[in-house]
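Shown next, in structure tokens, is the structure this report addresses.
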Amino acid sequence: MQLNEDLIKKNLVEQNYITQEDLKKAEEFAKEYKTSFSDYLFSENLLSEDLYGQAIAEHLGVKYVNLKKQKIDEDVLLLIPELVAKTKKVIAFERSEKGVKVAMNDPQDIETLGLIEKRVHQNVIPYFTTIEQLEEAFTIYKGSLKEEFKGVLRKLKNEELSREEKDSMIITVLDLLLRYAHQNKASDIHIDAHVKKAVVRYRIDGILHDVLELPKNLYEYILTRIKILSKMRTDEHRAAQDGKMRFETSEGKIDVRVSVVPVTQGETTVMRLLSARSRKFSLVDLGLQERDLKKVKRAIKHPHGMVLVTGPTGSGKTTTLYAVLKIVNKREINIATIEDPVEYDIEGVSQIQVNTKTNLTFAKGLRSIVRQDPDIIMVGEIRDEETAGIAVNSALTGHLVLSTLHTNDAATTLPRLLDMEVEPFLVASTVNVVIAQRLVRKICTKCRASVKLSAEQKKFIKSHEVVKKMMQGRKGKKVSDITLYHGAGCPVCSGTGYTGRVGIFEILEMDDEIRELVLKRASSDEITELAKKKGMSTMLEDGMDKVFKGITTIEEVLRMASDD
């Protein structure tokens, strides 16, 4: 079923959930940033997710359920098998005398309702919920997958298994490793080799978690399987190898980038899961607030110049660039990229993969791209003087160049380009905007609870100038009156209190005064001070704003953005 968006909008206005003026702004925002109109309503606190869900449920003639607030017992959950639930986008959440209550994104899907009725042998009562809530609720199934995992490993210890049976189980173990990682929203799988064992760890929301230990001989079989699927040499154990493979999930195919490196105890494997979830992100989803969105919008509207995204490895720079490409990607515009590696395919964009074996570097690829008359060029990373020089000259000669750099904050990016032998007048005349970012973990919405400030948190807020200034703008609230949030821990977040990540940003928009400082080769501190006077929010300020809104915690912001 395709929800009739026009009818939903009409219902929102008629039921006085929002005003006609709010709707108009939301529609303009959605068109401009290629996102949904509801994103604007949520980000500006004009509408809550619950009211939005209720409006759609009323439109469909059913009740609404917020799965984030719903406790789901395992015996009720397992009434619908995981594969059926994920394929049909439905989950059982409660059992009553009247029947089984199920949450669906399409409660008018008669075929699915009939299928579930036959399976549970009871009346089925459909409720509406959003796709996002369903996806989060599906993670409750991970317990059953973990047990399946342990069961296969127990069977593998049986010495009477034939060679064929063992091979089949090795395939199953690798499949479960990948599926369990995807279900837990892991970005990477690390398998570290030790003397008698191998330790499997998942990187979830930027933090590594131990998952299980494998016997050394079993890991060697799994590693051989990984090498075969990734088109690596299975007889090579002394050199580092890179490859790529793909596996199937209920959501579709997932690409996996594989790196195998020899260490003293054998070979260590890291697999990066390139999930389709990142492809769908808009700048709003990433956490950019409206004041910063306007700065980025002004920068990408220029027909030429540079948009630079900066931060350490794993801070989401490439995802931000893809979100920008999503906005500027139009049929009448020629876009070309040079990346290492190409993480996601973008329809309508010419993408080049760096290949050191054929001497196709960032600099050489960029030279070739410029000859093909693109309007917009994306360079995966400016790593050296040659690439920096070509990128700046491309921006100077009528191209909009998007790229990344490794610097700690936005202001340091400008002196960094000068260190790469780019002339000050070229930096001043080509850079449109610099986006510095980090990723912080979001509080789990399933177990989010309010907490009073601890003594340490009060001390931090009272002592830190940036936070004190923010407090002054909060309608005269006292520090003692502030309520913050944390995740209490639940099965959805595996007891961590966090699910997913959001960006914290500082956006340095170039203007005449900042260009003047660049021409004088001013320090990054001088540039930062001037930018702050002109209204730039630092990453710490943006992070604390998200803390006060209940999106993340002070501990997370200090972990990623503390300047002390």
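Starting from 1 in every chain, residues are counted up; chains themselves are A, B, ... following the order of the structure tokens, and ligands are numbered from 1 as listed.
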
Considering only strand (DSSP E) as DSSP defines it on the backbone, what residues of stretch 264-510 of chain A qualify? List them as a ChimeraX atom specification. /A:266-274,305-310,335-339,350-353,376-379,400-405,431-443,448-452,483-487,498-509

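Shell of stretch 515-520 of chain A at 12 Å, with only C-alpha atoms counted and residues fewer than 6 places along the chain excluded, is Ala411, Thr412, Thr413, Leu414, Pro415, Arg416, Leu417, Leu418, Val422, Glu423, Pro424, Phe425, Leu426, Val427, Ala428, Ser429, Thr430, Val431, Asn432, Val433, Leu508, Glu509, Glu526, Ile527, Thr528, Glu529, Leu530 and Ala531 of chain A.
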
Residues just named, written with N, CA and C atoms as an mmCIF file, in the first residue's frame:
```cif
data_model
loop_
_atom_site.group_PDB
_atom_site.id
_atom_site.type_symbol
_atom_site.label_atom_id
_atom_site.label_comp_id
_atom_site.auth_asym_id
_atom_site.auth_seq_id
_atom_site.Cartn_x
_atom_site.Cartn_y
_atom_site.Cartn_z
ATOM 1 N N ALA A 411 38.243 25.189 11.652
ATOM 2 C CA ALA A 411 39.212 26.256 11.401
ATOM 3 C C ALA A 411 40.592 25.724 11.024
ATOM 4 N N THR A 412 40.996 24.577 11.570
ATOM 5 C CA THR A 412 42.315 24.005 11.278
ATOM 6 C C THR A 412 42.448 23.587 9.818
ATOM 7 N N THR A 413 41.321 23.376 9.139
ATOM 8 C CA THR A 413 41.334 22.955 7.739
ATOM 9 C C THR A 413 42.029 23.983 6.845
ATOM 10 N N LEU A 414 41.820 25.264 7.134
ATOM 11 C CA LEU A 414 42.377 26.314 6.268
ATOM 12 C C LEU A 414 43.903 26.373 6.371
ATOM 13 N N PRO A 415 44.515 26.431 7.576
ATOM 14 C CA PRO A 415 45.975 26.337 7.668
ATOM 15 C C PRO A 415 46.529 25.007 7.128
ATOM 16 N N ARG A 416 45.739 23.940 7.250
ATOM 17 C CA ARG A 416 46.186 22.624 6.736
ATOM 18 C C ARG A 416 46.378 22.675 5.220
ATOM 19 N N LEU A 417 45.484 23.351 4.516
ATOM 20 C CA LEU A 417 45.638 23.500 3.063
ATOM 21 C C LEU A 417 46.883 24.330 2.739
ATOM 22 N N LEU A 418 47.179 25.325 3.576
ATOM 23 C CA LEU A 418 48.396 26.125 3.371
ATOM 24 C C LEU A 418 49.639 25.259 3.570
ATOM 25 N N VAL A 422 49.287 25.006 -0.822
ATOM 26 C CA VAL A 422 48.273 25.743 -1.591
ATOM 27 C C VAL A 422 48.412 27.219 -1.200
ATOM 28 N N GLU A 423 48.477 28.091 -2.182
ATOM 29 C CA GLU A 423 48.671 29.515 -1.918
ATOM 30 C C GLU A 423 47.475 30.097 -1.131
ATOM 31 N N PRO A 424 47.744 31.016 -0.191
ATOM 32 C CA PRO A 424 46.661 31.594 0.616
ATOM 33 C C PRO A 424 45.535 32.205 -0.218
ATOM 34 N N PHE A 425 45.871 32.894 -1.326
ATOM 35 C CA PHE A 425 44.820 33.531 -2.125
ATOM 36 C C PHE A 425 43.921 32.485 -2.787
ATOM 37 N N LEU A 426 44.488 31.285 -3.070
ATOM 38 C CA LEU A 426 43.683 30.205 -3.664
ATOM 39 C C LEU A 426 42.731 29.602 -2.627
ATOM 40 N N VAL A 427 43.234 29.409 -1.394
ATOM 41 C CA VAL A 427 42.377 28.896 -0.314
ATOM 42 C C VAL A 427 41.235 29.883 -0.054
ATOM 43 N N ALA A 428 41.590 31.163 0.048
ATOM 44 C CA ALA A 428 40.596 32.200 0.354
ATOM 45 C C ALA A 428 39.532 32.317 -0.721
ATOM 46 N N SER A 429 39.912 32.124 -1.976
ATOM 47 C CA SER A 429 38.956 32.345 -3.070
ATOM 48 C C SER A 429 38.190 31.095 -3.490
ATOM 49 N N THR A 430 38.589 29.901 -2.994
ATOM 50 C CA THR A 430 37.897 28.682 -3.441
ATOM 51 C C THR A 430 37.031 28.012 -2.379
ATOM 52 N N VAL A 431 37.425 28.072 -1.098
ATOM 53 C CA VAL A 431 36.659 27.350 -0.052
ATOM 54 C C VAL A 431 35.350 28.092 0.243
ATOM 55 N N ASN A 432 34.234 27.387 0.092
ATOM 56 C CA ASN A 432 32.904 27.954 0.395
ATOM 57 C C ASN A 432 32.502 27.708 1.843
ATOM 58 N N VAL A 433 32.720 26.465 2.284
ATOM 59 C CA VAL A 433 32.310 26.086 3.647
ATOM 60 C C VAL A 433 33.143 24.894 4.106
ATOM 61 N N LEU A 508 31.882 26.156 9.355
ATOM 62 C CA LEU A 508 32.608 27.402 9.130
ATOM 63 C C LEU A 508 32.308 27.906 7.721
ATOM 64 N N GLU A 509 31.501 28.953 7.657
ATOM 65 C CA GLU A 509 31.139 29.543 6.366
ATOM 66 C C GLU A 509 32.108 30.677 6.057
ATOM 67 N N GLU A 526 42.786 32.014 15.822
ATOM 68 C CA GLU A 526 42.264 33.328 15.418
ATOM 69 C C GLU A 526 41.032 33.169 14.524
ATOM 70 N N ILE A 527 41.111 32.185 13.604
ATOM 71 C CA ILE A 527 39.980 31.942 12.689
ATOM 72 C C ILE A 527 38.762 31.479 13.482
ATOM 73 N N THR A 528 38.991 30.575 14.460
ATOM 74 C CA THR A 528 37.886 30.065 15.293
ATOM 75 C C THR A 528 37.217 31.200 16.068
ATOM 76 N N GLU A 529 38.031 32.053 16.689
ATOM 77 C CA GLU A 529 37.479 33.160 17.477
ATOM 78 C C GLU A 529 36.594 34.068 16.631
ATOM 79 N N LEU A 530 37.071 34.415 15.431
ATOM 80 C CA LEU A 530 36.283 35.284 14.554
ATOM 81 C C LEU A 530 34.992 34.589 14.114
ATOM 82 N N ALA A 531 35.109 33.283 13.750
ATOM 83 C CA ALA A 531 33.923 32.531 13.301
ATOM 84 C C ALA A 531 32.878 32.442 14.406
#
```

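The space separating atom CA of A:Gly266 from atom CA of A:Arg201 comes to 16.8 Å.
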
Contacts of A:Phe138 within 9 Å, only C-alpha atoms, excl. fewer than 3 positions in-chain, as a PyMOL selection string: chain A and resi 82+85-86+91+133-135+141-142+183+492

Give me the residues near A:Ala137 as a PyMOL selection string, where near means some atom within 10 Å (using only C-alpha atoms) and where sequence neighbours in that chain fewer than 3 positions away do not count. chain A and resi 67-68+70+72+77+90-91+93+131-134+140-141+446+491-492

Emit the selected residues as an mmCIF file, in the first residue's frame, including C-alpha atoms.
```cif
data_model
loop_
_atom_site.group_PDB
_atom_site.id
_atom_site.type_symbol
_atom_site.label_atom_id
_atom_site.label_comp_id
_atom_site.auth_asym_id
_atom_site.auth_seq_id
_atom_site.Cartn_x
_atom_site.Cartn_y
_atom_site.Cartn_z
ATOM 1 C CA LEU A 67 6.631 0.218 19.587
ATOM 2 C CA LYS A 68 9.393 2.202 21.296
ATOM 3 C CA GLN A 70 5.764 -1.150 24.116
ATOM 4 C CA ILE A 72 7.049 -7.199 23.902
ATOM 5 C CA LEU A 77 7.122 -12.005 19.485
ATOM 6 C CA VAL A 90 4.773 -6.877 10.759
ATOM 7 C CA ILE A 91 5.394 -7.741 14.417
ATOM 8 C CA PHE A 93 3.334 -7.158 20.288
ATOM 9 C CA ILE A 131 8.801 1.740 9.402
ATOM 10 C CA GLU A 132 11.493 3.196 11.714
ATOM 11 C CA GLN A 133 9.770 1.748 14.803
ATOM 12 C CA LEU A 134 9.373 -1.633 13.116
ATOM 13 C CA ILE A 140 14.450 -8.013 19.643
ATOM 14 C CA TYR A 141 14.732 -11.142 17.462
ATOM 15 C CA LYS A 446 12.997 2.167 24.073
ATOM 16 C CA PRO A 491 17.168 -5.915 25.005
ATOM 17 C CA VAL A 492 16.924 -3.504 22.026
#
```

Considering only C-alpha atoms, can you say which of A:Gln437, A:Ser259, A:Asn329, A:Ser463 comes closest to A:Lys34? A:Asn329

For stretch 117-128 of chain A, please output as a VMD selection string all residues within 9 Å (counting only C-alpha atoms; exclusion window: fewer than 5 positions along the same chain). chain A and resid 53 to 54 56 to 57 60 62 to 66 79 to 80 98 to 108 112

Quick one: write out the picked residues with N, CA, C and O atoms as a tab-separated table (two decimals), in the first residue's frame?
```tsv
chain	number	residue	atom	x	y	z
A	53	GLY	N	1.95	9.54	13.94
A	53	GLY	CA	1.47	8.16	13.79
A	53	GLY	C	-0.04	8.06	13.98
A	53	GLY	O	-0.73	7.35	13.23
A	54	GLN	N	-0.56	8.79	14.95
A	54	GLN	CA	-2.01	8.79	15.20
A	54	GLN	C	-2.79	9.36	14.01
A	54	GLN	O	-3.85	8.85	13.64
A	56	ILE	N	-1.91	9.29	10.85
A	56	ILE	CA	-1.91	8.30	9.77
A	56	ILE	C	-2.87	7.16	10.11
A	56	ILE	O	-3.62	6.68	9.26
A	57	ALA	N	-2.85	6.72	11.38
A	57	ALA	CA	-3.73	5.62	11.81
A	57	ALA	C	-5.20	6.02	11.62
A	57	ALA	O	-6.02	5.21	11.14
A	60	LEU	N	-6.15	5.71	8.14
A	60	LEU	CA	-6.31	4.31	7.72
A	60	LEU	C	-7.46	3.60	8.44
A	60	LEU	O	-7.81	2.48	8.08
A	62	VAL	N	-7.51	2.68	11.73
A	62	VAL	CA	-7.05	1.71	12.75
A	62	VAL	C	-6.45	2.48	13.92
A	62	VAL	O	-6.36	3.70	13.90
A	63	LYS	N	-5.99	1.74	14.96
A	63	LYS	CA	-5.31	2.38	16.09
A	63	LYS	C	-3.81	2.45	15.82
A	63	LYS	O	-3.27	1.70	15.01
A	64	TYR	N	-3.14	3.33	16.57
A	64	TYR	CA	-1.68	3.51	16.43
A	64	TYR	C	-0.98	2.94	17.66
A	64	TYR	O	-1.49	3.05	18.78
A	65	VAL	N	0.18	2.31	17.47
A	65	VAL	CA	0.99	1.86	18.60
A	65	VAL	C	2.42	2.37	18.42
A	65	VAL	O	2.97	2.32	17.33
A	66	ASN	N	2.98	2.88	19.52
A	66	ASN	CA	4.39	3.29	19.53
A	66	ASN	C	5.20	2.12	20.08
A	66	ASN	O	5.21	1.86	21.28
A	79	LEU	N	5.41	-15.60	17.87
A	79	LEU	CA	4.22	-16.07	17.15
A	79	LEU	C	4.40	-15.85	15.64
A	79	LEU	O	3.88	-16.60	14.83
A	80	ILE	N	5.16	-14.82	15.29
A	80	ILE	CA	5.49	-14.56	13.88
A	80	ILE	C	6.99	-14.77	13.71
A	80	ILE	O	7.78	-14.06	14.34
A	98	LYS	N	-9.33	-10.92	22.91
A	98	LYS	CA	-9.90	-10.60	21.58
A	98	LYS	C	-9.02	-11.08	20.42
A	98	LYS	O	-9.47	-11.14	19.27
A	99	GLY	N	-7.75	-11.38	20.72
A	99	GLY	CA	-6.86	-11.86	19.66
A	99	GLY	C	-5.43	-11.37	19.83
A	99	GLY	O	-5.05	-10.84	20.88
A	100	VAL	N	-4.65	-11.51	18.75
A	100	VAL	CA	-3.24	-11.10	18.75
A	100	VAL	C	-3.13	-9.72	18.11
A	100	VAL	O	-3.58	-9.52	16.98
A	101	LYS	N	-2.54	-8.78	18.84
A	101	LYS	CA	-2.34	-7.44	18.29
A	101	LYS	C	-1.02	-7.41	17.52
A	101	LYS	O	0.02	-7.80	18.06
A	102	VAL	N	-1.10	-6.95	16.27
A	102	VAL	CA	0.10	-6.87	15.44
A	102	VAL	C	0.30	-5.43	14.95
A	102	VAL	O	-0.66	-4.73	14.64
A	103	ALA	N	1.57	-5.00	14.91
A	103	ALA	CA	1.91	-3.66	14.42
A	103	ALA	C	2.40	-3.79	12.98
A	103	ALA	O	3.23	-4.65	12.68
A	104	MET	N	1.87	-2.94	12.10
A	104	MET	CA	2.20	-3.02	10.68
A	104	MET	C	2.36	-1.61	10.11
A	104	MET	O	1.78	-0.66	10.64
A	105	ASN	N	3.12	-1.50	9.05
A	105	ASN	CA	3.16	-0.23	8.33
A	105	ASN	C	2.03	-0.15	7.31
A	105	ASN	O	1.69	0.92	6.84
A	106	ASP	N	1.46	-1.33	7.00
A	106	ASP	CA	0.32	-1.40	6.07
A	106	ASP	C	-0.77	-2.26	6.69
A	106	ASP	O	-0.91	-3.44	6.36
A	107	PRO	N	-1.56	-1.70	7.62
A	107	PRO	CA	-2.60	-2.49	8.30
A	107	PRO	C	-3.76	-2.89	7.39
A	107	PRO	O	-4.67	-3.59	7.82
A	108	GLN	N	-3.74	-2.44	6.12
A	108	GLN	CA	-4.78	-2.84	5.16
A	108	GLN	C	-4.32	-3.98	4.25
A	108	GLN	O	-4.99	-4.31	3.28
A	112	THR	N	-1.38	-10.47	4.16
A	112	THR	CA	-0.50	-10.73	5.33
A	112	THR	C	-1.32	-11.03	6.57
A	112	THR	O	-0.98	-11.93	7.35
```

Using only C-alpha atoms, determine which residues lie at most 12 Å from A:Ile18, disregarding the query and same-chain residues fewer than 2 positions distant; provide the list as a PDB file with N, CA, C and O atoms, in the first residue's frame.
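So out_3.pdb came out as:
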```
ATOM      1  N   ILE A   8      -2.825  12.549   4.169  1.00  0.00           N
ATOM      2  CA  ILE A   8      -2.230  12.624   5.513  1.00  0.00           C
ATOM      3  C   ILE A   8      -2.007  14.087   5.897  1.00  0.00           C
ATOM      4  O   ILE A   8      -2.318  14.521   7.008  1.00  0.00           O
ATOM      5  N   LYS A   9      -1.484  14.859   4.938  1.00  0.00           N
ATOM      6  CA  LYS A   9      -1.252  16.295   5.192  1.00  0.00           C
ATOM      7  C   LYS A   9      -2.564  17.003   5.508  1.00  0.00           C
ATOM      8  O   LYS A   9      -2.655  17.813   6.438  1.00  0.00           O
ATOM      9  N   LYS A  10      -3.599  16.668   4.719  1.00  0.00           N
ATOM     10  CA  LYS A  10      -4.916  17.276   4.915  1.00  0.00           C
ATOM     11  C   LYS A  10      -5.454  16.946   6.306  1.00  0.00           C
ATOM     12  O   LYS A  10      -5.984  17.808   7.022  1.00  0.00           O
ATOM     13  N   ASN A  11      -5.279  15.687   6.708  1.00  0.00           N
ATOM     14  CA  ASN A  11      -5.744  15.226   8.012  1.00  0.00           C
ATOM     15  C   ASN A  11      -4.999  15.931   9.151  1.00  0.00           C
ATOM     16  O   ASN A  11      -5.589  16.315  10.159  1.00  0.00           O
ATOM     17  N   LEU A  12      -3.672  16.136   8.969  1.00  0.00           N
ATOM     18  CA  LEU A  12      -2.865  16.810   9.995  1.00  0.00           C
ATOM     19  C   LEU A  12      -3.363  18.229  10.241  1.00  0.00           C
ATOM     20  O   LEU A  12      -3.429  18.688  11.382  1.00  0.00           O
ATOM     21  N   VAL A  13      -3.715  18.920   9.154  1.00  0.00           N
ATOM     22  CA  VAL A  13      -4.199  20.303   9.270  1.00  0.00           C
ATOM     23  C   VAL A  13      -5.621  20.334   9.827  1.00  0.00           C
ATOM     24  O   VAL A  13      -5.928  21.108  10.741  1.00  0.00           O
ATOM     25  N   GLU A  14      -6.486  19.463   9.288  1.00  0.00           N
ATOM     26  CA  GLU A  14      -7.901  19.458   9.721  1.00  0.00           C
ATOM     27  C   GLU A  14      -8.060  19.088  11.186  1.00  0.00           C
ATOM     28  O   GLU A  14      -8.968  19.576  11.868  1.00  0.00           O
ATOM     29  N   GLN A  15      -7.202  18.196  11.667  1.00  0.00           N
ATOM     30  CA  GLN A  15      -7.282  17.779  13.078  1.00  0.00           C
ATOM     31  C   GLN A  15      -6.488  18.705  14.002  1.00  0.00           C
ATOM     32  O   GLN A  15      -6.311  18.410  15.187  1.00  0.00           O
ATOM     33  N   ASN A  16      -5.982  19.819  13.413  1.00  0.00           N
ATOM     34  CA  ASN A  16      -5.227  20.837  14.166  1.00  0.00           C
ATOM     35  C   ASN A  16      -3.942  20.314  14.800  1.00  0.00           C
ATOM     36  O   ASN A  16      -3.488  20.820  15.837  1.00  0.00           O
ATOM     37  N   GLN A  20      -1.548  25.353   8.572  1.00  0.00           N
ATOM     38  CA  GLN A  20      -1.300  25.366   7.133  1.00  0.00           C
ATOM     39  C   GLN A  20       0.077  25.983   6.831  1.00  0.00           C
ATOM     40  O   GLN A  20       0.785  25.548   5.919  1.00  0.00           O
ATOM     41  N   GLU A  21       0.451  26.978   7.638  1.00  0.00           N
ATOM     42  CA  GLU A  21       1.750  27.636   7.446  1.00  0.00           C
ATOM     43  C   GLU A  21       2.900  26.678   7.749  1.00  0.00           C
ATOM     44  O   GLU A  21       3.899  26.626   7.025  1.00  0.00           O
ATOM     45  N   ASP A  22       2.744  25.888   8.832  1.00  0.00           N
ATOM     46  CA  ASP A  22       3.764  24.881   9.175  1.00  0.00           C
ATOM     47  C   ASP A  22       3.917  23.873   8.038  1.00  0.00           C
ATOM     48  O   ASP A  22       5.033  23.482   7.685  1.00  0.00           O
ATOM     49  N   LEU A  23       2.795  23.442   7.480  1.00  0.00           N
ATOM     50  CA  LEU A  23       2.807  22.464   6.393  1.00  0.00           C
ATOM     51  C   LEU A  23       3.537  23.020   5.168  1.00  0.00           C
ATOM     52  O   LEU A  23       4.335  22.332   4.535  1.00  0.00           O
ATOM     53  N   LYS A  24       3.263  24.288   4.864  1.00  0.00           N
ATOM     54  CA  LYS A  24       3.903  24.916   3.697  1.00  0.00           C
ATOM     55  C   LYS A  24       5.423  24.948   3.873  1.00  0.00           C
ATOM     56  O   LYS A  24       6.177  24.616   2.953  1.00  0.00           O
ATOM     57  N   LYS A  25       5.876  25.336   5.080  1.00  0.00           N
ATOM     58  CA  LYS A  25       7.323  25.368   5.357  1.00  0.00           C
ATOM     59  C   LYS A  25       7.929  23.967   5.256  1.00  0.00           C
ATOM     60  O   LYS A  25       9.019  23.789   4.728  1.00  0.00           O
ATOM     61  N   ALA A  26       7.194  22.970   5.772  1.00  0.00           N
ATOM     62  CA  ALA A  26       7.672  21.587   5.748  1.00  0.00           C
ATOM     63  C   ALA A  26       7.806  21.079   4.308  1.00  0.00           C
ATOM     64  O   ALA A  26       8.767  20.386   3.965  1.00  0.00           O
ATOM     65  N   SER A  38       7.815  15.302   7.051  1.00  0.00           N
ATOM     66  CA  SER A  38       7.710  15.048   8.492  1.00  0.00           C
ATOM     67  C   SER A  38       9.041  15.315   9.203  1.00  0.00           C
ATOM     68  O   SER A  38       9.051  15.645  10.397  1.00  0.00           O
ATOM     69  N   TYR A  40      11.025  17.804   8.867  1.00  0.00           N
ATOM     70  CA  TYR A  40      11.038  19.208   9.295  1.00  0.00           C
ATOM     71  C   TYR A  40      10.152  19.384  10.530  1.00  0.00           C
ATOM     72  O   TYR A  40      10.543  20.046  11.496  1.00  0.00           O
ATOM     73  N   LEU A  41       8.974  18.791  10.504  1.00  0.00           N
ATOM     74  CA  LEU A  41       8.032  18.925  11.617  1.00  0.00           C
ATOM     75  C   LEU A  41       8.620  18.366  12.908  1.00  0.00           C
ATOM     76  O   LEU A  41       8.465  18.949  13.980  1.00  0.00           O
ATOM     77  N   PHE A  42       9.331  17.216  12.801  1.00  0.00           N
ATOM     78  CA  PHE A  42       9.945  16.607  13.981  1.00  0.00           C
ATOM     79  C   PHE A  42      11.107  17.463  14.486  1.00  0.00           C
ATOM     80  O   PHE A  42      11.233  17.715  15.681  1.00  0.00           O
ATOM     81  N   GLU A  44      11.753  20.584  14.136  1.00  0.00           N
ATOM     82  CA  GLU A  44      11.364  21.886  14.688  1.00  0.00           C
ATOM     83  C   GLU A  44      10.369  21.757  15.844  1.00  0.00           C
ATOM     84  O   GLU A  44       9.817  22.757  16.310  1.00  0.00           O
ATOM     85  N   ASN A  45      10.157  20.504  16.305  1.00  0.00           N
ATOM     86  CA  ASN A  45       9.227  20.242  17.430  1.00  0.00           C
ATOM     87  C   ASN A  45       7.814  20.775  17.186  1.00  0.00           C
ATOM     88  O   ASN A  45       7.115  21.190  18.117  1.00  0.00           O
ATOM     89  N   LEU A  46       7.404  20.773  15.916  1.00  0.00           N
ATOM     90  CA  LEU A  46       6.043  21.212  15.574  1.00  0.00           C
ATOM     91  C   LEU A  46       5.060  20.040  15.654  1.00  0.00           C
ATOM     92  O   LEU A  46       3.849  20.234  15.703  1.00  0.00           O
ATOM     93  N   LEU A  47       5.624  18.833  15.661  1.00  0.00           N
ATOM     94  CA  LEU A  47       4.790  17.627  15.702  1.00  0.00           C
ATOM     95  C   LEU A  47       5.604  16.500  16.305  1.00  0.00           C
ATOM     96  O   LEU A  47       6.773  16.317  15.967  1.00  0.00           O
ATOM     97  N   SER A  48       5.005  15.730  17.193  1.00  0.00           N
ATOM     98  CA  SER A  48       5.705  14.571  17.767  1.00  0.00           C
ATOM     99  C   SER A  48       5.464  13.353  16.882  1.00  0.00           C
ATOM    100  O   SER A  48       4.515  13.304  16.102  1.00  0.00           O
ATOM    101  N   LEU A  51       1.951  11.861  17.536  1.00  0.00           N
ATOM    102  CA  LEU A  51       0.826  12.552  16.883  1.00  0.00           C
ATOM    103  C   LEU A  51       0.808  12.273  15.388  1.00  0.00           C
ATOM    104  O   LEU A  51      -0.257  12.118  14.784  1.00  0.00           O
ATOM    105  N   TYR A  52       1.992  12.203  14.785  1.00  0.00           N
ATOM    106  CA  TYR A  52       2.097  11.896  13.360  1.00  0.00           C
ATOM    107  C   TYR A  52       1.544  10.484  13.093  1.00  0.00           C
ATOM    108  O   TYR A  52       0.773  10.266  12.160  1.00  0.00           O
ATOM    109  N   ALA A  55      -2.223  10.414  13.401  1.00  0.00           N
ATOM    110  CA  ALA A  55      -2.885  11.029  12.244  1.00  0.00           C
ATOM    111  C   ALA A  55      -2.979  10.047  11.080  1.00  0.00           C
ATOM    112  O   ALA A  55      -4.016   9.944  10.413  1.00  0.00           O
TER     113      ALA A  55
END
```

Contacts of A:Gly287 at 7 Å or less, counting only C-alpha atoms, minus same-chain residues fewer than 2 places along, as a ChimeraX atom specification? /A:283-285,289,502-504

Helix (DSSP H, G or I) positions in stretch 175-396 of chain A, given as a PyMOL selection string: chain A and resi 175-183+216-229+276-279+283-286+290-301+317-328+356-358+362-370+385-396

Separating atom CA of A:Leu402 from atom CA of A:Lys442, to the nearest tenth of an Å, is a gap of 27.6 Å

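Across the model, the gap from atom CA of A:Thr139 to atom CA of A:His59 is 28.4 Å.
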
Determine, for each residue of stretch 246-354 of chain A having at least one atom at most 12 Å from an atom of stretch 211-218 of chain A, the closest pair of atoms and their separation in Å to one decimal, counting only C-alpha atoms; order by chain and ascending number, as a Markdown table.
```
| residue | atom | partner | partner_atom | distance |
| --- | --- | --- | --- | --- |
| A:Gln265 | CA | A:Lys216 | CA | 10.0 |
| A:Gly266 | CA | A:Lys216 | CA | 9.4 |
| A:Glu267 | CA | A:Lys216 | CA | 10.7 |
| A:Thr268 | CA | A:Lys216 | CA | 11.7 |
```
